[in-house]
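J.: Structure incoming, see below.
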Amino acid sequence: MKNIMEMKDFYFTYPKAPEATLKNINLNIEENKITALIGPSGCGKSTLLRSLNRIHDLYPGNQYGGKILLKDIKNRKMENILMYKKEIELIDLRRRVGMIFQKPTPFPMSIFDNVAYGLKLAGIKNKSELGGRVEKALKEAAVWNEVKDRLKESALGMSGGQQQRLCIARAIAVEPEVLLFDEPTSALDPISTAAIEELIVELKERISIAIVTHNMQQASRISDYTAFMYLGDLVEFGETEQIFLNPKKKQTEDYITGRFG
Ligand code: ADP
């Protein structure tokens with residue numbers, strides 16, 4: 001088992017919600033697998049996901065500790081991302097560990113510029129290289145055919161499902177190692193949802209994935225591993241089939257069988 005990320009005794013508290021605490025979380029994200037985080041609303045799934053690329057830094061006054069390790073692909077060493085302090089380290093972290101939110105978040109600019117944005121930040125200025133990388137990312141995100149004739153039009157004119165695939169294209173253009181999905185389909189219709197699920201499964205060939213979902217069918221359809229969380233605790237973690245067919249903890253079983261949630 002090769003892990004791309006490892007949380008070791010990680011804890012996190014918001015200043016105004018001390019009860020909403022992640023407690024000593026030990027969780028591994030395996031390479032080229034999909035790990036689903038499930039559990040009732042408010043149990044800390046999003047907080048945990050956001051910690052994996054330190055978006056939680058944006059909430060002032062929070063307290064956290066323990067370790068979150070990320071494999072440095074070049075020298076195969078694990079680095080503690082909680083030690084990153086410099087702005088440049090955080091920008092690089094968020095390139096390596098990308099995030100897709102529940103509501104599609106296209107920038108108010110053209111379709112092309114949305115995808116080129118991160119590439120330009122990464123220093124790519126050459127026009128033909130930019131064009132090639134944008135096209136590649138849009139193809140990989142399965143949205144190219146729908147937008148290739150209107151790349152200069154505003155991304156805000158796209159449908160919700162297209163916008164979400166555009167956001168995935170923007171994230172994968174900068175070649176991340178990990179992608180974090182926070183309820184990526186809960187604002188979408190069933191057809192767009194199926195397209196995004198199919199895309200996520202394809203992406204795991206190259207990218208390791210963690211996904212928060214309140215949709216248990218979705219977790220069982222696409223994930224390899226499932227983590228069940230409850231009140232800030234990681235209650236049970238295992239292969240998705242085991243968690244859904246043969247949960248070891250009673251709380252997991254009660255949740256899976258719909259007794260609460
Ligand atoms: P989930 O994703 O499982 O629904 P969250 O991680 O979003 O849970 O939230 C866990 C708890 O932390 C909730 O009680 C929520 O109200 C609280 N919380 C989330 N974000 C913040 C924040 N920025 N400031 C204070 N409390 C927050």
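FYI, nothing fancy with the structure tokens labels: chains A, B, ... in order, residues from 1 per chain, ligands from 1 as they appear.
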Give me the residues within 9 Å of A:Lys103 as a compact mmCIF listing (two decimals) with C-alpha atoms, in the first residue's frame, counting only C-alpha atoms and dropping any in the same chain fewer than 5 places off.

T.:
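Just written: around.txt:
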```
# COMPACT_ATOMS: atom_id res chain seq x y z
CA GLY A 160 -23.75 23.89 -13.92
CA GLN A 164 -17.97 21.85 -12.69
CA GLU A 183 -19.66 17.22 -2.52
CA PRO A 184 -18.89 17.91 -6.20
CA THR A 185 -22.24 16.75 -7.57
CA SER A 186 -24.74 17.80 -4.93
CA ALA A 187 -25.75 20.88 -6.94
CA LEU A 188 -26.04 18.94 -10.22
```

J.: Using DSSP assignments from the backbone, pull out every residue in stretch 115-167 of chain A that falls under helix (DSSP H, G or I) and give it to me as number ranges by chain.

T.: A: 115-121, 127-140, 144-147, 155-157, 160-167

J.: Return as a PyMOL selection string every polymer residue, whether protein, DNA or RNA, with at least one atom no more than 12 Å from an atom of ligand 1; count only C-alpha atoms and all ligand atoms.

T.: chain A and resi 12-23+37-51+55-63+101-102+181-183+211-214+227-234+261

J.: Rounded to one decimal in Å, what is the spacing between atom CA of A:Cys167 and atom CA of A:Phe107?

T.: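 Atom CA of A:Phe107 lies at a distance of 9.1 Å from atom CA of A:Cys167.
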
J.: Could you tell me, as a PyMOL selection string, which residues of stretch 38-224 of chain A DSSP assigns to strand (DSSP E or B) when given the backbone?

T.: chain A and resi 38+63-72+77-80+97-100+110+154+178-182+208-212

J.: Need to verify the contact set: A:Glu6, 12 Å, only C-alpha atoms, exclusion of same-chain residues closer than 3 positions in sequence. Can you return it as JSON, numbers by chain?

T.: {"A": [2, 3, 9, 10, 25, 26, 27, 28, 29, 30, 31, 51, 52, 66, 67, 68, 69, 70, 71, 78, 79, 80, 81, 82]}

J.: Which of these residues is nearest to A:Ile168, using only C-alpha atoms: A:Met7, A:Ile124, A:Ile73, A:Ala142?

T.: A:Ala142

J.: So that I can check the surroundings of A:Ile172, please list as a ChimeraX atom specification every protein, DNA and RNA residue that reaches within 9 Å of it, counting only C-alpha atoms and ignoring chain neighbours fewer than 6 positions away.

T.: /A:98,115,137,140-141,179,207

J.: Quick one: residues within 9 Å of A:Arg170, only C-alpha atoms, excluding same-chain residues fewer than 4 positions away - as a list in words?

T.: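 Once the adjacent positions are removed, what remains is Pro106, Asn114, Val115, Ala116, Tyr117, Gly118, Leu119, Val134, Ala137, Leu138, Ala141, Arg165, Leu166 and Val174 of chain A.
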
J.: Set the distance at 10 Å and use only C-alpha atoms: which residues neighbour A:Lys249 once local chain neighbours fewer than 5 positions away are removed? I'd like the list as JSON, numbers by chain.

T.: {"A": [228, 235, 236, 243, 254]}

J.: As a list in words, please: the residues near stretch 149-156 of chain A (cut-off 7 Å, only C-alpha atoms, same-chain neighbours under 6 positions excluded).

T.: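 Non-adjacent residues within range: Pro106, Pro108, Met109, Ser110, Ile111, Phe112 and Gln163 of chain A.
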
J.: Include all heavy atoms and write out the residues we just selected as a compact mmCIF listing (two decimals), in the first residue's frame.

T.:
```txt
# COMPACT_ATOMS: atom_id res chain seq x y z
N PRO A 106 -16.34 28.85 -11.26
CA PRO A 106 -15.56 29.42 -12.37
C PRO A 106 -15.24 30.88 -12.07
O PRO A 106 -16.02 31.56 -11.40
CB PRO A 106 -16.50 29.30 -13.57
CG PRO A 106 -17.87 29.22 -12.99
CD PRO A 106 -17.74 28.60 -11.63
N PRO A 108 -14.93 34.81 -13.18
CA PRO A 108 -15.71 35.60 -14.16
C PRO A 108 -14.82 36.04 -15.32
O PRO A 108 -14.49 37.22 -15.47
CB PRO A 108 -16.21 36.78 -13.33
CG PRO A 108 -15.21 36.91 -12.22
CD PRO A 108 -14.66 35.55 -11.95
N MET A 109 -14.42 35.09 -16.12
CA MET A 109 -13.58 35.39 -17.29
C MET A 109 -13.88 34.32 -18.33
O MET A 109 -14.77 33.48 -18.12
CB MET A 109 -12.10 35.41 -16.88
CG MET A 109 -11.65 34.21 -16.10
SD MET A 109 -9.89 34.20 -15.63
CE MET A 109 -9.84 35.27 -14.24
N SER A 110 -13.15 34.32 -19.43
CA SER A 110 -13.49 33.38 -20.51
C SER A 110 -13.15 31.94 -20.10
O SER A 110 -12.39 31.70 -19.15
CB SER A 110 -12.72 33.74 -21.78
OG SER A 110 -11.36 33.37 -21.63
N ILE A 111 -13.73 31.00 -20.85
CA ILE A 111 -13.48 29.58 -20.60
C ILE A 111 -11.97 29.31 -20.70
O ILE A 111 -11.37 28.68 -19.83
CB ILE A 111 -14.29 28.74 -21.63
CG1 ILE A 111 -15.78 28.92 -21.35
CG2 ILE A 111 -13.87 27.28 -21.61
CD1 ILE A 111 -16.71 28.36 -22.42
N PHE A 112 -11.36 29.84 -21.77
CA PHE A 112 -9.92 29.63 -21.96
C PHE A 112 -9.13 30.19 -20.78
O PHE A 112 -8.26 29.51 -20.22
CB PHE A 112 -9.47 30.32 -23.26
CG PHE A 112 -8.01 30.09 -23.58
CD1 PHE A 112 -7.62 29.07 -24.43
CD2 PHE A 112 -7.02 30.90 -23.01
CE1 PHE A 112 -6.28 28.84 -24.71
CE2 PHE A 112 -5.68 30.69 -23.29
CZ PHE A 112 -5.30 29.66 -24.14
N GLN A 163 -19.77 23.82 -15.94
CA GLN A 163 -18.91 24.66 -15.08
C GLN A 163 -18.09 23.77 -14.14
O GLN A 163 -16.91 24.03 -13.89
CB GLN A 163 -19.76 25.61 -14.23
CG GLN A 163 -20.36 26.75 -15.04
CD GLN A 163 -21.06 27.77 -14.16
OE1 GLN A 163 -21.19 27.60 -12.95
NE2 GLN A 163 -21.51 28.84 -14.76
```

J.: Considering only C-alpha atoms, can you say which of A:Asp72, A:Glu177, A:Asp224, A:Glu146 comes closest to A:Val201?

T.: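 Between A:Asp72, A:Glu177, A:Asp224, A:Glu146, the residue approaching A:Val201 most closely is A:Asp224.
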